[in-house]
>>> print(open('target_26.txt').read())   # compact mmCIF, C-alpha atoms
# COMPACT_ATOMS: atom_id res chain seq x y z
CA MET T 716 0.00 0.00 0.00
CA ASN T 717 1.53 3.36 -1.06
CA ASP T 718 1.23 6.72 0.66
CA ILE T 719 -1.77 7.86 -1.39
CA GLU T 720 -3.72 4.69 -0.53
CA LYS T 721 -2.82 5.03 3.14
CA THR T 722 -4.30 8.50 3.25
CA GLN T 723 -7.66 7.26 1.97
CA THR T 724 -8.77 6.91 5.60
CA HIS T 725 -8.86 10.70 5.90
CA LYS T 726 -9.83 11.45 2.29
CA PRO T 727 -6.72 13.19 0.88
CA ASN T 728 -6.97 16.76 -0.36
CA VAL T 729 -5.97 17.42 -3.96
CA ALA T 730 -5.32 20.82 -5.52
CA ILE T 731 -5.15 21.28 -9.30
CA VAL T 732 -3.28 24.23 -10.77
CA THR T 733 -4.44 24.88 -14.33
CA LEU T 734 -2.27 26.80 -16.78
CA GLY T 735 -2.81 27.77 -20.41
CA CYS T 736 -5.98 27.87 -22.43
CA VAL T 737 -9.59 27.03 -21.55
CA LYS T 738 -9.19 23.65 -23.25
CA ASN T 739 -6.86 22.84 -20.36
CA THR T 740 -9.59 23.98 -17.98
CA VAL T 741 -11.85 21.22 -19.31
CA ASP T 742 -9.06 18.65 -18.87
CA SER T 743 -8.57 19.74 -15.26
CA GLU T 744 -12.31 19.41 -14.66
CA ILE T 745 -12.14 15.84 -15.94
CA MET T 746 -9.32 15.09 -13.50
CA LEU T 747 -11.35 16.67 -10.71
CA GLY T 748 -14.19 14.33 -11.64
CA GLN T 749 -11.90 11.34 -11.25
CA PHE T 750 -10.66 12.53 -7.87
CA ILE T 751 -14.18 13.07 -6.53
CA LYS T 752 -15.26 9.68 -7.88
CA ASN T 753 -12.39 8.07 -5.96
CA GLY T 754 -13.00 9.73 -2.61
CA PHE T 755 -10.56 12.62 -2.70
CA GLN T 756 -11.43 16.06 -1.38
CA ILE T 757 -10.78 19.15 -3.48
CA SER T 758 -8.61 21.93 -2.07
CA LEU T 759 -8.31 25.41 -3.52
CA ASP T 760 -5.03 25.95 -1.67
CA PRO T 761 -1.97 23.96 -2.85
CA GLN T 762 -0.20 24.80 0.42
CA SER T 763 -2.68 22.71 2.42
CA ALA T 764 -3.09 19.87 -0.10
CA ASP T 765 -1.87 16.30 0.18
CA VAL T 766 -1.63 16.08 -3.61
CA ILE T 767 -0.82 18.84 -6.10
CA VAL T 768 -1.50 18.36 -9.81
CA ILE T 769 -0.08 20.94 -12.21
CA ASN T 770 -1.83 20.90 -15.58
CA THR T 771 0.73 22.62 -17.80
CA CYS T 772 0.83 24.47 -21.10
CA GLY T 773 3.68 24.00 -23.57
CA PHE T 774 2.51 26.07 -26.52
CA ILE T 775 5.00 28.96 -26.58
CA GLU T 776 8.06 30.04 -24.63
CA ASP T 777 6.19 32.26 -22.15
CA ALA T 778 3.74 29.45 -21.38
CA LYS T 779 6.55 26.97 -20.88
CA LYS T 780 8.34 29.35 -18.54
CA GLU T 781 5.19 29.87 -16.50
CA SER T 782 4.72 26.10 -16.22
CA ILE T 783 8.32 25.60 -15.04
CA ASP T 784 7.94 28.42 -12.51
CA VAL T 785 4.82 26.80 -11.05
CA ILE T 786 6.59 23.43 -10.85
CA LEU T 787 9.46 25.08 -8.95
CA ASP T 788 6.99 26.78 -6.62
CA ALA T 789 5.37 23.43 -5.85
CA ILE T 790 8.77 21.89 -5.13
CA GLU T 791 9.47 24.79 -2.76
CA LEU T 792 6.32 23.88 -0.81
CA ARG T 793 8.05 20.68 0.26
CA LYS T 794 10.09 22.74 2.70
CA THR T 795 6.95 23.32 4.78
CA ASN T 796 5.01 20.22 3.74
CA PRO T 797 7.50 17.40 3.04
CA ASP T 798 4.74 14.79 2.60
CA VAL T 799 2.99 16.53 -0.30
CA LYS T 800 2.87 14.59 -3.57
CA ILE T 801 3.39 16.57 -6.79
CA PHE T 802 2.29 15.43 -10.24
CA VAL T 803 2.60 17.19 -13.59
CA THR T 804 0.23 16.71 -16.54
CA GLY T 805 -0.63 18.53 -19.74
CA CYS T 806 1.11 19.72 -22.88
CA LEU T 807 4.51 20.48 -21.34
CA SER T 808 4.59 17.02 -19.78
CA GLN T 809 3.62 15.40 -23.07
CA ARG T 810 6.15 17.35 -25.09
CA TYR T 811 9.17 17.21 -22.79
CA TYR T 812 8.49 14.04 -20.79
CA LYS T 813 12.02 12.56 -20.86
CA SER T 814 13.73 15.87 -20.12
CA LEU T 815 11.38 16.74 -17.26
CA ILE T 816 11.90 13.39 -15.51
CA LYS T 817 15.67 14.02 -15.51
CA GLU T 818 15.47 17.71 -14.63
CA PHE T 819 12.92 17.41 -11.81
CA PRO T 820 13.53 14.24 -9.81
CA GLU T 821 11.57 15.89 -6.96
CA ILE T 822 8.34 15.48 -8.95
CA ASP T 823 6.46 12.27 -8.15
CA GLY T 824 5.24 11.68 -11.70
CA PHE T 825 4.58 13.10 -15.17
CA LEU T 826 1.50 12.28 -17.23
CA GLY T 827 0.76 13.39 -20.80
CA VAL T 828 -2.40 14.39 -22.67
CA GLU T 829 -3.27 10.86 -23.79
CA ASN T 830 -4.21 9.39 -20.42
CA PHE T 831 -4.64 12.22 -17.92
CA HIS T 832 -8.13 10.87 -17.22
CA GLN T 833 -6.38 7.94 -15.50
CA ILE T 834 -4.76 10.30 -13.00
CA VAL T 835 -5.95 8.39 -9.91
CA ASP T 836 -4.61 5.04 -11.12
CA PHE T 837 -1.41 6.81 -12.11
CA ILE T 838 -0.64 8.36 -8.73
CA LYS T 839 -1.47 5.10 -6.93
CA ASP T 840 0.97 3.16 -9.13
CA GLU T 841 4.39 2.91 -7.47
CA ASN T 842 5.82 2.30 -10.96
CA ARG T 843 4.21 5.44 -12.33
CA ASN T 844 7.40 6.55 -14.11
CA SER T 845 7.63 3.29 -16.01
CA GLU T 846 7.16 2.92 -19.77
CA LYS T 847 3.51 2.03 -19.14
CA TRP T 848 2.65 5.67 -18.42
CA ALA T 849 5.10 7.39 -20.80
CA PRO T 850 3.51 9.41 -23.65
CA LYS T 851 3.13 7.30 -26.79
CA GLY T 852 2.22 10.10 -29.19
CA THR T 853 -1.11 8.51 -30.06
CA GLY T 854 -3.20 11.68 -29.62
CA SER T 855 -5.28 13.26 -26.89
CA PHE T 856 -7.96 11.70 -24.72
CA LEU T 857 -11.39 12.49 -26.17
CA TYR T 858 -13.98 12.70 -23.42
CA ASP T 859 -17.74 12.28 -23.79
CA HIS T 860 -20.86 13.22 -21.81
CA THR T 861 -20.48 10.18 -19.53
CA THR T 862 -16.97 11.14 -18.40
CA PRO T 863 -16.97 12.26 -14.73
CA ARG T 864 -16.30 15.98 -14.52
CA VAL T 865 -16.45 18.74 -11.93
CA ILE T 866 -17.11 22.21 -13.35
CA SER T 867 -14.58 24.69 -11.96
CA THR T 868 -15.92 27.82 -13.63
CA PRO T 869 -18.63 29.94 -11.99
CA GLY T 870 -21.89 27.98 -11.97
CA TYR T 871 -23.56 30.12 -14.61
CA MET T 872 -21.00 29.30 -17.32
CA ALA T 873 -19.22 26.24 -18.71
CA TYR T 874 -17.03 25.13 -21.59
CA THR T 875 -17.81 22.25 -23.94
CA LYS T 876 -14.89 20.88 -25.94
CA ILE T 877 -16.25 19.40 -29.19
CA ALA T 878 -12.97 17.96 -30.53
CA GLU T 879 -9.36 17.24 -29.69
CA GLY T 880 -6.11 17.67 -31.59
CA CYS T 881 -5.45 19.50 -34.85
CA SER T 882 -4.85 18.41 -38.44
CA HIS T 883 -3.54 21.74 -39.72
CA SER T 884 0.21 22.04 -40.28
CA CYS T 885 1.00 25.59 -39.23
CA SER T 886 4.77 26.02 -39.33
CA PHE T 887 4.97 27.82 -35.97
CA CYS T 888 2.69 25.55 -33.92
CA ALA T 889 3.57 22.42 -31.93
CA ILE T 890 -0.05 21.52 -31.03
CA PRO T 891 -0.50 18.79 -33.70
CA ALA T 892 2.71 17.12 -32.48
CA ILE T 893 1.54 17.35 -28.87
CA LYS T 894 -2.15 16.48 -29.22
CA GLY T 895 -2.29 14.48 -32.44
CA PRO T 896 -4.72 14.77 -35.35
CA PHE T 897 -8.17 16.32 -35.13
CA LYS T 898 -10.82 14.08 -33.56
CA SER T 899 -14.45 15.18 -33.36
CA ARG T 900 -16.87 14.17 -30.65
CA GLU T 901 -20.16 12.68 -31.77
CA MET T 902 -23.04 15.14 -31.98
CA ASP T 903 -25.30 13.16 -29.63
CA SER T 904 -22.63 13.27 -26.92
CA ILE T 905 -22.15 17.03 -27.28
CA ILE T 906 -25.90 17.66 -27.15
CA ALA T 907 -26.23 15.43 -24.08
CA GLU T 908 -23.47 17.36 -22.31
CA ALA T 909 -25.06 20.69 -23.21
CA ASN T 910 -28.41 19.50 -21.82
CA ASP T 911 -26.68 18.45 -18.59
CA HIS T 912 -25.15 21.91 -18.28
CA ALA T 913 -28.54 23.51 -18.87
CA LYS T 914 -30.14 21.36 -16.16
CA ASN T 915 -27.42 22.57 -13.79
CA ASN T 916 -28.37 26.21 -14.45
CA VAL T 917 -25.52 27.05 -16.83
CA LYS T 918 -26.55 30.19 -18.70
CA GLU T 919 -23.56 30.68 -20.99
CA LEU T 920 -22.06 27.71 -22.84
CA THR T 921 -18.82 28.31 -24.74
CA ILE T 922 -17.97 25.86 -27.52
CA ILE T 923 -14.25 25.24 -27.98
CA ALA T 924 -11.74 23.13 -29.92
CA GLN T 925 -8.43 23.81 -31.60
CA ASP T 926 -10.52 24.58 -34.70
CA THR T 927 -14.26 24.43 -34.04
CA SER T 928 -15.11 25.03 -37.70
CA TYR T 929 -13.45 21.73 -38.65
CA TRP T 930 -15.80 19.77 -36.40
CA GLY T 931 -17.49 16.78 -38.03
CA ARG T 932 -15.20 16.46 -41.06
CA ASP T 933 -13.67 13.28 -39.65
CA LEU T 934 -16.97 11.66 -38.64
CA ASN T 935 -18.64 9.08 -40.88
CA SER T 936 -21.81 11.13 -41.29
CA LYS T 937 -19.80 14.30 -42.14
CA PRO T 938 -22.06 16.69 -40.22
CA HIS T 939 -21.67 20.45 -40.68
CA LEU T 940 -20.97 22.63 -37.66
CA ALA T 941 -24.26 24.38 -38.45
CA ASP T 942 -26.07 21.06 -37.80
CA LEU T 943 -24.65 20.98 -34.29
CA LEU T 944 -25.44 24.64 -33.63
CA GLU T 945 -29.03 24.21 -34.76
CA GLU T 946 -29.50 21.43 -32.20
CA LEU T 947 -27.78 23.36 -29.42
CA ASP T 948 -29.99 26.36 -30.13
CA LYS T 949 -33.04 24.27 -29.20
CA ILE T 950 -31.94 24.01 -25.55
CA ASN T 951 -34.27 26.57 -24.01
CA GLU T 952 -32.54 26.81 -20.62
CA LEU T 953 -29.34 28.17 -22.18
CA GLU T 954 -29.27 31.94 -22.61
CA TRP T 955 -26.02 32.33 -24.55
CA ILE T 956 -24.00 29.93 -26.69
CA ARG T 957 -20.61 31.28 -27.70
CA LEU T 958 -18.38 29.83 -30.41
CA LEU T 959 -14.59 30.25 -30.39
CA TYR T 960 -11.73 29.54 -32.83
CA LEU T 961 -13.04 29.43 -36.41
CA HIS T 962 -10.67 28.84 -39.34
CA PRO T 963 -11.22 31.47 -42.07
CA ASP T 964 -11.47 28.93 -44.90
CA GLU T 965 -14.15 26.94 -43.05
CA ILE T 966 -16.54 29.87 -42.53
CA ASP T 967 -19.28 29.56 -45.13
CA ASP T 968 -22.62 31.29 -45.62
CA ARG T 969 -24.57 28.50 -43.97
CA LEU T 970 -22.55 28.75 -40.75
CA LEU T 971 -22.89 32.54 -40.61
CA GLU T 972 -26.60 32.49 -41.40
CA THR T 973 -27.18 29.81 -38.75
CA ILE T 974 -25.51 31.94 -36.09
CA ALA T 975 -27.26 35.12 -37.24
CA SER T 976 -30.72 33.52 -37.13
CA ALA T 977 -30.23 31.58 -33.86
CA LYS T 978 -31.97 32.61 -30.65
CA ARG T 979 -29.16 31.68 -28.26
CA ILE T 980 -25.93 31.73 -30.27
CA VAL T 981 -24.40 35.14 -29.70
CA ASN T 982 -23.23 37.29 -32.60
CA TYR T 983 -19.55 36.77 -31.88
CA ILE T 984 -17.18 35.52 -34.59
CA ASP T 985 -13.67 34.53 -33.50
CA ILE T 986 -11.30 34.05 -36.47
CA PRO T 987 -7.57 33.68 -35.66
CA LEU T 988 -6.01 35.09 -38.86
CA GLN T 989 -2.37 35.14 -37.63
CA HIS T 990 -1.24 37.44 -40.47
CA VAL T 991 -2.44 39.13 -43.66
CA ASN T 992 0.62 39.10 -45.91
CA PRO T 993 0.25 36.27 -48.50
CA ARG T 994 3.94 35.34 -48.48
CA ILE T 995 4.10 35.10 -44.71
CA LEU T 996 0.82 33.17 -44.55
CA LYS T 997 2.08 30.67 -47.13
CA ASP T 998 5.29 30.19 -45.16
CA MET T 999 3.19 29.71 -42.02
CA GLY T 1000 1.28 26.91 -43.71
CA ARG T 1001 -1.84 29.07 -43.66
CA GLY T 1002 -2.19 29.88 -47.36
CA TYR T 1003 -5.84 30.86 -47.17
CA LYS T 1004 -8.24 30.73 -50.08
CA THR T 1005 -10.25 33.43 -48.31
CA ASP T 1006 -9.94 37.16 -48.90
CA PHE T 1007 -10.03 38.58 -45.38
CA ARG T 1008 -11.57 41.91 -46.29
CA GLU T 1009 -14.33 40.20 -48.26
CA LEU T 1010 -14.95 37.81 -45.36
CA ILE T 1011 -15.23 40.63 -42.82
CA GLY T 1012 -17.59 42.48 -45.14
CA LYS T 1013 -19.74 39.38 -45.65
CA ILE T 1014 -19.97 38.77 -41.90
CA ARG T 1015 -21.07 42.33 -41.20
CA ASN T 1016 -23.58 42.20 -44.03
CA ILE T 1017 -25.19 38.94 -42.87
CA PHE T 1018 -25.42 40.22 -39.28
CA ASP T 1019 -26.53 43.68 -40.42
CA GLY T 1020 -23.59 45.14 -38.49
CA ASP T 1021 -24.67 43.68 -35.16
CA VAL T 1022 -21.69 41.38 -34.63
CA ALA T 1023 -18.42 41.34 -32.68
CA ILE T 1024 -15.43 40.06 -34.68
CA ARG T 1025 -12.29 38.90 -32.92
CA THR T 1026 -8.93 37.80 -34.28
CA THR T 1027 -5.36 36.98 -33.28
CA PHE T 1028 -2.12 37.96 -35.02
CA LEU T 1029 1.40 36.56 -34.76
CA VAL T 1030 4.15 39.15 -35.14
CA GLY T 1031 7.90 38.76 -35.56
CA TYR T 1032 7.60 35.60 -37.66
CA PRO T 1033 10.88 34.63 -39.41
CA GLY T 1034 11.32 36.72 -42.55
CA GLU T 1035 8.65 39.27 -41.61
CA THR T 1036 9.77 42.64 -43.00
CA ASP T 1037 8.62 46.08 -41.88
CA TYR T 1038 6.43 46.16 -44.99
CA ASP T 1039 4.85 42.80 -44.10
CA PHE T 1040 4.07 44.00 -40.60
CA ASP T 1041 2.66 47.29 -41.86
CA GLU T 1042 0.17 45.27 -43.89
CA ILE T 1043 -1.34 44.05 -40.61
CA LEU T 1044 -1.62 47.62 -39.36
CA ASP T 1045 -3.25 48.74 -42.62
CA PHE T 1046 -5.72 45.88 -42.33
CA LEU T 1047 -6.55 46.85 -38.74
CA GLU T 1048 -7.20 50.46 -39.75
CA ASP T 1049 -9.49 49.30 -42.57
CA ALA T 1050 -11.33 46.47 -40.81
CA LYS T 1051 -11.66 48.09 -37.36
CA LEU T 1052 -12.25 44.74 -35.69
CA ASP T 1053 -13.87 44.67 -32.28
CA ARG T 1054 -11.40 42.39 -30.50
CA VAL T 1055 -7.75 41.80 -31.42
CA THR T 1056 -4.97 40.04 -29.56
CA ALA T 1057 -1.44 39.30 -30.69
CA PHE T 1058 1.55 37.27 -29.64
CA VAL T 1059 5.21 37.38 -30.54
CA TYR T 1060 6.70 34.49 -32.50
CA SER T 1061 8.20 31.84 -30.25
CA ASP T 1062 10.91 29.56 -31.66
CA GLU T 1063 9.54 26.07 -30.99
CA GLU T 1064 11.69 23.02 -31.63
CA GLY T 1065 10.02 20.38 -33.77
CA THR T 1066 8.13 22.93 -35.88
CA LYS T 1067 8.94 23.85 -39.49
CA ALA T 1068 9.61 27.46 -38.57
CA TYR T 1069 12.28 26.33 -36.10
CA GLU T 1070 14.50 25.50 -39.08
CA HIS T 1071 13.91 28.89 -40.71
CA LYS T 1072 17.13 30.74 -41.50
CA ASP T 1073 15.68 34.25 -41.47
CA LYS T 1074 14.76 34.67 -37.81
CA LEU T 1075 14.25 38.07 -36.24
CA ASP T 1076 15.56 39.44 -32.98
CA THR T 1077 12.92 38.95 -30.27
CA GLU T 1078 13.08 42.66 -29.47
CA ILE T 1079 11.78 43.43 -32.96
CA GLY T 1080 8.82 41.16 -32.34
CA ARG T 1081 8.13 42.77 -28.97
CA LEU T 1082 8.20 46.30 -30.42
CA ARG T 1083 5.87 45.25 -33.24
CA TYR T 1084 3.49 43.70 -30.73
CA GLU T 1085 3.37 46.94 -28.73
CA ARG T 1086 2.78 49.02 -31.86
CA LEU T 1087 -0.03 46.76 -33.02
CA MET T 1088 -1.77 46.80 -29.65
CA ASP T 1089 -1.43 50.60 -29.40
CA ILE T 1090 -3.25 50.98 -32.69
CA GLN T 1091 -5.90 48.44 -31.74
CA ARG T 1092 -6.48 50.23 -28.43
CA ASP T 1093 -7.55 53.34 -30.36
CA ILE T 1094 -9.74 51.25 -32.66
CA SER T 1095 -11.36 49.56 -29.68
CA PHE T 1096 -12.16 52.96 -28.13
CA PHE T 1097 -13.61 54.12 -31.46
CA ASN T 1098 -15.81 51.00 -31.67
CA ASN T 1099 -16.91 51.34 -28.04
CA GLU T 1100 -18.07 54.93 -28.55
CA LYS T 1101 -20.71 53.65 -30.99
CA PHE T 1102 -22.51 52.00 -28.07
CA ILE T 1103 -23.10 55.18 -26.08
CA GLY T 1104 -26.86 55.53 -25.65
CA LYS T 1105 -27.53 51.93 -26.60
CA LYS T 1106 -28.99 49.22 -24.38
CA LEU T 1107 -27.18 45.89 -23.95
CA LYS T 1108 -28.06 42.63 -22.27
CA VAL T 1109 -25.36 41.98 -19.69
CA LEU T 1110 -24.39 38.85 -17.77
CA VAL T 1111 -23.42 39.86 -14.21
CA GLU T 1112 -20.12 38.38 -13.00
CA SER T 1113 -18.72 40.29 -10.04
CA SER T 1114 -18.59 43.62 -8.19
CA LEU T 1115 -15.91 46.09 -7.16
CA LYS T 1116 -15.59 49.28 -5.13
CA ASP T 1117 -14.81 52.50 -6.93
CA GLU T 1118 -14.45 55.63 -4.78
CA GLY T 1119 -16.69 54.05 -2.17
CA LYS T 1120 -19.38 53.08 -4.65
CA ILE T 1121 -20.32 49.50 -5.53
CA MET T 1122 -19.85 48.84 -9.23
CA ILE T 1123 -21.13 45.69 -10.95
CA VAL T 1124 -18.97 44.03 -13.59
CA GLY T 1125 -20.47 41.94 -16.37
CA ARG T 1126 -20.15 41.00 -20.03
CA SER T 1127 -22.23 41.57 -23.14
CA TYR T 1128 -22.47 39.32 -26.20
CA ARG T 1129 -19.35 41.13 -27.44
CA ASP T 1130 -17.19 39.82 -24.59
CA ALA T 1131 -15.81 36.30 -24.29
CA PRO T 1132 -14.90 35.30 -20.73
CA GLU T 1133 -11.41 36.16 -19.52
CA VAL T 1134 -10.11 37.62 -22.80
CA ASP T 1135 -12.33 40.59 -23.69
CA GLY T 1136 -13.65 43.74 -22.05
CA ASN T 1137 -16.43 44.28 -19.52
CA VAL T 1138 -19.58 46.28 -18.98
CA ILE T 1139 -19.40 48.20 -15.69
CA PHE T 1140 -22.38 49.84 -14.00
CA ARG T 1141 -23.52 51.03 -10.57
CA GLY T 1142 -25.56 48.64 -8.45
CA SER T 1143 -25.75 46.63 -5.28
CA ASN T 1144 -28.20 43.75 -5.56
CA ASN T 1145 -27.30 42.00 -8.79
CA MET T 1146 -25.99 38.48 -8.34
CA PRO T 1147 -23.48 36.66 -10.56
CA GLY T 1148 -25.27 34.73 -13.28
CA GLU T 1149 -28.16 37.18 -13.59
CA PHE T 1150 -28.92 39.02 -16.83
CA VAL T 1151 -29.73 42.72 -16.72
CA ASN T 1152 -30.24 45.48 -19.28
CA VAL T 1153 -27.69 48.28 -19.18
CA THR T 1154 -27.76 51.58 -21.08
CA ILE T 1155 -24.24 52.64 -22.04
CA THR T 1156 -23.30 56.15 -20.94
CA ASP T 1157 -19.50 56.20 -21.23
CA VAL T 1158 -16.57 54.09 -22.46
CA ASN T 1159 -12.85 53.55 -22.02
CA ASP T 1160 -10.37 51.72 -24.25
CA TYR T 1161 -11.83 48.25 -23.72
CA ASP T 1162 -14.81 48.56 -21.34
CA LEU T 1163 -18.31 49.98 -21.56
CA ILE T 1164 -19.76 51.96 -18.65
CA GLY T 1165 -23.47 52.35 -18.08
CA GLU T 1166 -26.56 52.56 -15.93
CA ILE T 1167 -28.82 49.63 -15.18
CA ASP T 1168 -32.38 49.86 -16.48
CA GLU T 1169 -34.53 49.47 -13.38
>>> encode(input="target_26.txt", output="structure tokens")
Amino acid sequence: MNDIEKTQTHKPNVAIVTLGCVKNTVDSEIMLGQFIKNGFQISLDPQSADVIVINTCGFIEDAKKESIDVILDAIELRKTNPDVKIFVTGCLSQRYYKSLIKEFPEIDGFLGVENFHQIVDFIKDENRNSEKWAPKGTGSFLYDHTTPRVISTPGYMAYTKIAEGCSHSCSFCAIPAIKGPFKSREMDSIIAEANDHAKNNVKELTIIAQDTSYWGRDLNSKPHLADLLEELDKINELEWIRLLYLHPDEIDDRLLETIASAKRIVNYIDIPLQHVNPRILKDMGRGYKTDFRELIGKIRNIFDGDVAIRTTFLVGYPGETDYDFDEILDFLEDAKLDRVTAFVYSDEEGTKAYEHKDKLDTEIGRLRYERLMDIQRDISFFNNEKFIGKKLKVLVESSLKDEGKIMIVGRSYRDAPEVDGNVIFRGSNNMPGEFVNVTITDVNDYDLIGEIDE
């Protein structure tokens, strides 16, 4: 009997630290489900836990550094709690398994993305660092609606992952090598999960995958994403359904018209473009057939202007000239997108871009990032001003004190959780998860400010 089994008499506490994207959040919730099923208690404080699980990200350099820092912090806890067990899962563990075992002998075990759902069996196995548990590179675990899961987000919102992996071959991205090829969940399973969320009073359901628009292409029946959305839209208890991560070439008229005509799917289109220069896009492995300006125009036409469009750009890619970068800025000035984020190219071993001979100094990428975001800040303010005097439906999330006054913080259809702006208004009695109508009276760079309609 090992130490974990011995502690079953007092129901060991486990704390999960989740890093990276919201897809990792779902994976952590699946691990939480396994722990609860097996009699563990959940702790929100790693310092008081018997078991710490760190669900890592290994996408870019900054994410890898954050993951390593958290691992080191957990090891430091052993000075005050020498009996704590520490386990590492996720993308970093999958990608650098052999190196991590050698570099961090203090860690009790490393588990990849293929079998993290077996976390309890793993930590009970005294031979957990044997070949049995080592990543095989066979792809990610694909959960379904029967998989035990504990929702860690606020009770009024949840994420549903409709696929795993990625079959695109972007030159800068290690995700396909980490998570394997794209695998869609069956529609019936997704609908069943969404119904379960609705029964548990979830009001906002966010649909995610590495590329949600590719969903169904690998299934025998070849369903269209619009088929899934039409079924989800029938779930009356859901107020908002939000869709993230659409590939430009997969966005067709049927998908846009389905979203525009739906009762519950919010008018929010997230299209990670990465760049606009054709040469750079081709080198990235993202040689689109789509004309971005035409696509943006089509989206706004179908939604009659009532739509929030979000994108992501990568700057400092090998070979990117000042002229190439300026093309992004020109596009931003023309398109005036509602939500834009960017990240600086990260040199990732195992990717095609890693072998590129024409790499830029990281300082150039950082300066380009700052310039892009400065321009987008002004565009965001310009877009926000259009909402002054308008009424928006707002999902209440939290409150704060401002000069002694209680201010309520929420989100409109234009705001995805954690990554976009907020709607802020005066109030005192609104509870998280409630919807209220707010008339916008003022704005700042990213937030709307208003008064609640009593």
>>> residues_near_point(input="target_26.txt", point="(-17.4, 12.1, -33.3)", cutoff="12 Å", atoms="only C-alpha atoms", output="ChimeraX atom specification")
/T:857-859,876-879,897-906,929-940,943
>>> atom_distance(input="target_26.txt", atom1="CA of Asn1016 in chain T", atom2="CA of Ile974 in chain T")
13.1 Å
>>> atom_distance(input="target_26.txt", atom1="CA of Tyr1032 in chain T", atom2="CA of Ala1057 in chain T")
12.0 Å
>>> atom_distance(input="target_26.txt", atom1="CA of Glu919 in chain T", atom2="CA of Ser1095 in chain T")
24.1 Å
>>> residues_around(input="target_26.txt", residues="Pro993 in chain T", least_positions_apart="4", cutoff="12 Å", atoms="all atoms listed in the file", output="list of chain:residue names")
T:Leu988, T:Gln989, T:Lys997, T:Asp998, T:Met999, T:Gly1000, T:Arg1001, T:Gly1002, T:Tyr1003, T:Lys1004, T:Thr1005, T:Asp1006, T:Phe1007, T:Glu1035, T:Asp1039, T:Phe1040, T:Glu1042, T:Ile1043
>>> residues_near_point(input="target_26.txt", point="(1.1, 18.9, -15.4)", cutoff="7 Å", atoms="only C-alpha atoms", output="PDB file with C-alpha atoms, in the frame of the given file")
ATOM      1  CA  VAL T 768      -1.500  18.360  -9.810  1.00  0.00           C
ATOM      2  CA  ILE T 769      -0.080  20.940 -12.210  1.00  0.00           C
ATOM      3  CA  ASN T 770      -1.830  20.900 -15.580  1.00  0.00           C
ATOM      4  CA  THR T 771       0.730  22.620 -17.800  1.00  0.00           C
ATOM      5  CA  PHE T 802       2.290  15.430 -10.240  1.00  0.00           C
ATOM      6  CA  VAL T 803       2.600  17.190 -13.590  1.00  0.00           C
ATOM      7  CA  THR T 804       0.230  16.710 -16.540  1.00  0.00           C
ATOM      8  CA  GLY T 805      -0.630  18.530 -19.740  1.00  0.00           C
ATOM      9  CA  SER T 808       4.590  17.020 -19.780  1.00  0.00           C
ATOM     10  CA  PHE T 825       4.580  13.100 -15.170  1.00  0.00           C
ATOM     11  CA  LEU T 826       1.500  12.280 -17.230  1.00  0.00           C
TER      12      LEU T 826
END
>>> residues_around(input="target_26.txt", residues="range 957-967 of chain T", least_positions_apart="3", cutoff="8 Å", atoms="all atoms listed in the file", output="PDB file with C-alpha atoms, keeping the file's coordinate frame")
ATOM      1  CA  GLU T 919     -23.560  30.680 -20.990  1.00  0.00           C
ATOM      2  CA  LEU T 920     -22.060  27.710 -22.840  1.00  0.00           C
ATOM      3  CA  THR T 921     -18.820  28.310 -24.740  1.00  0.00           C
ATOM      4  CA  ILE T 922     -17.970  25.860 -27.520  1.00  0.00           C
ATOM      5  CA  ILE T 923     -14.250  25.240 -27.980  1.00  0.00           C
ATOM      6  CA  ALA T 924     -11.740  23.130 -29.920  1.00  0.00           C
ATOM      7  CA  GLN T 925      -8.430  23.810 -31.600  1.00  0.00           C
ATOM      8  CA  ASP T 926     -10.520  24.580 -34.700  1.00  0.00           C
ATOM      9  CA  THR T 927     -14.260  24.430 -34.040  1.00  0.00           C
ATOM     10  CA  SER T 928     -15.110  25.030 -37.700  1.00  0.00           C
ATOM     11  CA  TYR T 929     -13.450  21.730 -38.650  1.00  0.00           C
ATOM     12  CA  LEU T 970     -22.550  28.750 -40.750  1.00  0.00           C
ATOM     13  CA  LEU T 971     -22.890  32.540 -40.610  1.00  0.00           C
ATOM     14  CA  ILE T 980     -25.930  31.730 -30.270  1.00  0.00           C
ATOM     15  CA  VAL T 981     -24.400  35.140 -29.700  1.00  0.00           C
ATOM     16  CA  TYR T 983     -19.550  36.770 -31.880  1.00  0.00           C
ATOM     17  CA  ILE T 984     -17.180  35.520 -34.590  1.00  0.00           C
ATOM     18  CA  ASP T 985     -13.670  34.530 -33.500  1.00  0.00           C
ATOM     19  CA  ILE T 986     -11.300  34.050 -36.470  1.00  0.00           C
ATOM     20  CA  PRO T 987      -7.570  33.680 -35.660  1.00  0.00           C
ATOM     21  CA  LEU T 988      -6.010  35.090 -38.860  1.00  0.00           C
ATOM     22  CA  TYR T1003      -5.840  30.860 -47.170  1.00  0.00           C
ATOM     23  CA  LYS T1004      -8.240  30.730 -50.080  1.00  0.00           C
ATOM     24  CA  THR T1005     -10.250  33.430 -48.310  1.00  0.00           C
ATOM     25  CA  PHE T1007     -10.030  38.580 -45.380  1.00  0.00           C
ATOM     26  CA  ALA T1131     -15.810  36.300 -24.290  1.00  0.00           C
TER      27      ALA T1131
END
>>> residues_around(input="target_26.txt", residues="Val741 in chain T", least_positions_apart="5", cutoff="9 Å", atoms="all atoms listed in the file", output="compact mmCIF listing (two decimals) with C-alpha atoms, in the frame of the given file")
# COMPACT_ATOMS: atom_id res chain seq x y z
CA MET T 746 -9.32 15.09 -13.50
CA ARG T 864 -16.30 15.98 -14.52
CA ILE T 866 -17.11 22.21 -13.35
CA SER T 867 -14.58 24.69 -11.96
CA ALA T 873 -19.22 26.24 -18.71
CA TYR T 874 -17.03 25.13 -21.59
CA THR T 875 -17.81 22.25 -23.94
CA LYS T 876 -14.89 20.88 -25.94
